[in-house]
Number of protein chains: 2
Amino acid sequence: MVKVRTIKDIAELAGVSTGTVSRALAGSELISKKTREKIQALADEHGFRPNIMARNLRIQRTGAIGVLIPLGHETGQHISDPFFITMLGLLADALTEKGYDLVLSRVIPTDGNWLDRFVDSGRVDGLIVIGQSDQVATLDRVAARYRPLVVWGGYTEGQVHCSVGSDNRKGGYIAAKHLLERGCSRLAFFGDPKALEIGQRLEGCRDAMADAGLSDRLTVLPAHLVAEAAHPDIARFLGSVSERPQGIVAASDVIAMSALRALSEFGLAVPGDVHVIGYDGLAICEQTVPRLSTVSQDLTQGAHHMVDMLLRRIAGEDTQSVVMEPQLIVRMSS
Amino acid sequence: MVKVRTIKDIAELAGVSTGTVSRALAGSELISKKTREKIQALADEHGFRPNIMARNLRIQRTGAIGVLIPLGHETGQHISDPFFITMLGLLADALTEKGYDLVLSRVIPTDGNWLDRFVDSGRVDGLIVIGQSDQVATLDRVAARYRPLVVWGGYTEGQVHCSVGSDNRKGGYIAAKHLLERGCSRLAFFGDPKALEIGQRLEGCRDAMADAGLSDRLTVLPAHLVAEAAHPDIARFLGSVSERPQGIVAASDVIAMSALRALSEFGLAVPGDVHVIGYDGLAICEQTVPRLSTVSQDLTQGAHHMVDMLLRRIAGEDTQSVVMEPQLIVRMSS
DNA sequence: TGGAAAAATGCAATCGATTGTATTTCGCGC
DNA sequence: GCGCGAAATACAATCGATTGCATTTTTCCA
C-alpha cells in the first residue's frame with residue numbers, strides 16, 4: 001500500500017486536484033457529494049490526517065490555548081497545589097469541548113517579560129492565567145495590547161485585564177463573620193496578602209472585625225500557600241503566640257489543612273479549642289478530619305466563564321470581568 | 001514605527017535577504033559578525049519573534065509533547081486527582097527545561113482509537129501517557145508503530161510499550177508485610193485491580209499473605225480511585241463486614257485518605273484499631289491526621305526518566321522500560 | 001441541439017520561515 | 001590592477017494545506 005502522508009497523495013489516488021481534496025475533507029458544498037464521499041473514504045481507508053502545522057500556518061491559528069500559572073510571590077509554590085490542579089482539570093475539559101488544545105506552562109516570573117514572551121511566541125490563540133500572584137502590573141500592561149487574555153483572580157477598580165473570580169472581600173468577610181458568630185473574638189488570618197486575592201480576603205476579614213468593634217483582635221500570619229511550607233510557619237506561630245486565637249481564617253483550603261494538622265500536633269481540638277475555616281471549596285475539604293468548613297468558589301462555573309470569554313475575545317468581542325458570589329459552607333471545623 | 005511581523009520586514013529594514021536574517025537570528029557562523037549583530041539588534045528593538053507555525057512546518061517538528069491521561073476503567077475519575085497533578089507538575093518542569101511545550105489532554109477511551117487519534121493528529125513530537133488504566137492492549141498496539149511514546153505505569157513481561165514506574169508487586173508486598181509485622185492478621189486491600197498497576201500491587205499483597213500462611217485472610221474491595229467516590233464504597237464495606245480487618249492496604253494515598261475519614265466516622269482509631277497504609281508517597285500524606293504511612297514511588301525521578309527516554313526515542317534511539325524501587329515510609333497510621 | 005446558467009473542479013498564490021546552491025564581494029599576493 | 005580562493009550574501013525551492021478566481025463540465029430549458 002502506498003504511503004499516504006499529504007493531501008497530494010490523496011489527490012493522485014483520487015485523480016483530482018489538491019484543492020478538491022482539501023475542500024472535500026472539509027465537507028465543502030462546492031464539491032459534488034459523489035467525489036466528496038469518494039475522497040473521504042479514501043482518506044480514512046489510509047488513515048490520512050491533514051498536516052496540522054501546514055494548516056495552522058495557512059489559516060493563522062494554532063488551535064491551542066495557553067494556561068499559565070505564575071508562581072510569583074513565592075518560589076517554592078508548586079504546580080501540584082490542589083487548587084491549580086482542580087482548575088486545570090476543569091479548563092482541560094472546557095477547552096477540549098470547544099476543540100482547543102491546552103498548552104500548559106508553569107512560570108516563575110523572574111523579570112517583567114514572562115508574559116510577553118509567551119504572548120509573542122505565537123504558540124497559542126489565547127491565554128488563560130491562573131492567579132494574579134503579585135503580577136497585576138504585568139498583567140495590566142500586556143492586557144492593554146493583547147486582547148485574548150483572561151485571568152483567574154480578583155477584580156480591582158480600574159483593572160485593565162479581564163478577570164474571573166469570586167468576590168474575595170466578601171468571602172473574607174463571610175468567613176470572619178461566621179467565626180465571630182461562633183463566639184470567637186480573637187482571630188488569626190493565615191495567608192500572604194501580597195497576592196491580590198489573598199489581600200482582598202484579608203480586607204474582608206478586617207471589615208468584619210471592624211463591624212464587630214474588634215479591629216485590634218486580628219493577627220495576620222503571612223503563611224506560604226504550599227502545604228509543606230505553610231506547616232512550619234503555622235507551628236512556629238502557634239508555639240510563639242501568647243494569646244491563642246480562637247478562630248483561624250485560612251486564605252486557602254490547603255493552608256487550612258496545614259493548620260488542622262499543626263493544631264492537632266499542639267493537642268488543640270478543632271473546633272473545640274480553635275475554629276478553623278478555609279477558602280476555595282476544594283473536594284479535598286471533605287476528606288480532612290474534621291471535615292473543613294470553607295468559603296466556596298464555584299470553580300466549574302469559573303472555568304466555563306473563562307473559556308467562554310476567552311473565545312469571545314479571540315473573536316474580537318470585548319468582555320467585562322466577572323465577579324462571582326462566594327458561598328459559606330459550614331462543616332465540622334467551625 | 002513600522003510593524004515588524006515577519007522575517008521579511010526585518011530583511012527590508014536591514015537591507016538584506018530573508019535568508020540572511022533567518023541565519024543571523026539562528027546565530028549561524030555563515031553570516032558575518034557585523035551583520036549578525038545588526039540584525040539581532042534590529043530584531044529585539046522591534047520585539048520580533050519568528051512565526052512558530054511557519055518554522056514548525058519547515059523543520060517538521062512541533063516542539064510540543066503531549067501528555068495524556070486515560071481515564072479508562074472508571075469514568076468518574078477526574079484529572080484533579082492529586083497523583084496526576086503531581087506528576088503533571090513534574091513533567092511540566094522537566095519538559096520546559098528541555099525546551100518543549102506540554103500539551104495536556106484528558107482522554108476517556110470510548111473506543112480503541114483514542115490514542116491513534118492523538119498520534120496521527122501531528123500536534124506533538126512525542127507522547128507521554130500517565131497510567132495504563134485498562135488500556136494495555138491499545139498501548140501495545142500503538143507502541144508497535146509509533147516510537148516516541150512513553151508510559152507511566154507497571155511493567156509486565158513481554159510488554160511492547162516502554163514504561164516507567166515502580167515495582168508495584170514489590171510495593172504491595174512491602175505494604176502488606178509491614179502491616180503483618182505490626183501484628184495484623186486480617187487485611188483488606190482497597191483498590192480496583194482492573195488497572196494494571198493496582199492489580200500488581202494486589203498480587204504483591206497476596207504474596208506476602210501467602211508467605212505468612214494467611215492467604216485466606218485478605219479481602220479485596222475494588223474501591224474507586226477518586227476520593228469522593230471511594231468514600232461511600234469504603235463506608236459500606238466497613239459497615240457490612242463481619243470481621244473487621246486489622247490492617248488496610250490502600251492502592252493509592254487518595255484511597256487511604258478516604259479510608260482514614262471513614263474509619264474516623266466509624267469511631268475507629270488509627271492505628272489503634274486499624275492500621276492503614278497508602279501508596280504513592282504524595283506530599284498530601286503529610287497533611288492527614290494521623291500522618292499517613294505509604295509506599296513511596298520517586299515521582300521526580302520517574303518524570304525525569306520519562307522525559308529523558310522520550311527525547312531519546314524521538315532522536316531514534318531505542319529504550320528499555322524502567323522499574324524503580326518502591327520505598328516504605330512509616331508515619332503515624334500504621 | 002444550442003447555449004446560458006449553475007455546478008464542479010483545477011490552478012496557482014499564499015501563509016512565514018529554513019536551507020542548498022548560486023552569486024557576489026572582499027582580501028590578498030603578484 | 002588582475003585573478004583567485006574564501007567569506008558573505010542572495011536566490012529560490014520547500015514544508016503541506018487553504019482559498020480566490022479561472023476554467024471546465026453538467027444541467028436544463030427553449
# chains A, B, ... in the order shown; residues from 1 in each chain; ligands from 1
$ interface_residues --of "chain A" --to "chain D" --cutoff "12 Å" --atoms "only C-alpha atoms (C1' of nucleotides)" --output "list in words"
Arg5, Thr6, Ile7, Lys8, Asp9, Thr18, Gly19, Thr20, Val21, Ser22, Arg23, Ala24, Leu25, Ala26, Ser28, Ser32, Arg49, Pro50, Asn51, Ile52, Met53, Ala54, Arg55, Asn56, Leu57, Arg58, Ile59 and Gln60 of chain A
$ closest_atom_pairs --of "chain C" --to "chain B" --cutoff "8 Å" --atoms "only C-alpha atoms (C1' of nucleotides)" --output "tab-separated table"
residue	atom	partner	partner_atom	distance
C:DC15	C1'	B:Ala54	CA	7.6
C:DG16	C1'	B:Ala54	CA	4.9
C:DA17	C1'	B:Arg55	CA	5.0
C:DT18	C1'	B:Arg58	CA	6.2
$ write_last_selection --atoms "N, CA and C atoms (P, O5', C5', C4', C3', O3' and C1' of nucleotides)" --output "mmCIF file, in the first residue's frame"
data_model
loop_
_atom_site.group_PDB
_atom_site.id
_atom_site.type_symbol
_atom_site.label_atom_id
_atom_site.label_comp_id
_atom_site.auth_asym_id
_atom_site.auth_seq_id
_atom_site.Cartn_x
_atom_site.Cartn_y
_atom_site.Cartn_z
ATOM 1 P P DC C 15 0.823 36.083 2.133
ATOM 2 O "O5'" DC C 15 0.887 35.228 3.458
ATOM 3 C "C5'" DC C 15 -0.290 34.812 4.137
ATOM 4 C "C4'" DC C 15 0.054 33.684 5.078
ATOM 5 C "C3'" DC C 15 1.444 33.809 5.682
ATOM 6 O "O3'" DC C 15 1.324 34.448 6.949
ATOM 7 C "C1'" DC C 15 0.982 31.570 4.943
ATOM 8 P P DG C 16 2.326 35.715 7.222
ATOM 9 O "O5'" DG C 16 3.705 35.003 7.540
ATOM 10 C "C5'" DG C 16 3.821 34.237 8.718
ATOM 11 C "C4'" DG C 16 5.135 33.500 8.695
ATOM 12 C "C3'" DG C 16 6.366 34.396 8.527
ATOM 13 O "O3'" DG C 16 7.278 34.006 9.521
ATOM 14 C "C1'" DG C 16 6.459 32.614 7.021
ATOM 15 P P DA C 17 8.561 34.861 9.874
ATOM 16 O "O5'" DA C 17 9.704 33.762 9.723
ATOM 17 C "C5'" DA C 17 9.747 32.713 10.659
ATOM 18 C "C4'" DA C 17 10.150 31.431 9.992
ATOM 19 C "C3'" DA C 17 11.656 31.251 9.781
ATOM 20 O "O3'" DA C 17 12.108 30.257 10.685
ATOM 21 C "C1'" DA C 17 10.377 30.549 7.871
ATOM 22 P P DT C 18 13.642 30.029 10.874
ATOM 23 O "O5'" DT C 18 13.952 28.963 9.726
ATOM 24 C "C5'" DT C 18 13.426 27.655 9.853
ATOM 25 C "C4'" DT C 18 13.922 26.807 8.708
ATOM 26 C "C3'" DT C 18 15.444 26.656 8.613
ATOM 27 O "O3'" DT C 18 15.668 25.282 8.370
ATOM 28 C "C1'" DT C 18 14.587 27.352 6.537
#
$ interface_residues --of "chain B" --to "chain A" --cutoff "6 Å" --atoms "only C-alpha atoms" --output "PyMOL selection string"
chain B and resi 53-54+57+79-80+85-86+89+102-104
$ select_by_dssp --residues "region 45-179 of chain A" --states "alpha helix (DSSP H)" --output "ChimeraX atom specification"
/A:45,52-59,82-97,114-121,136-143,168-179
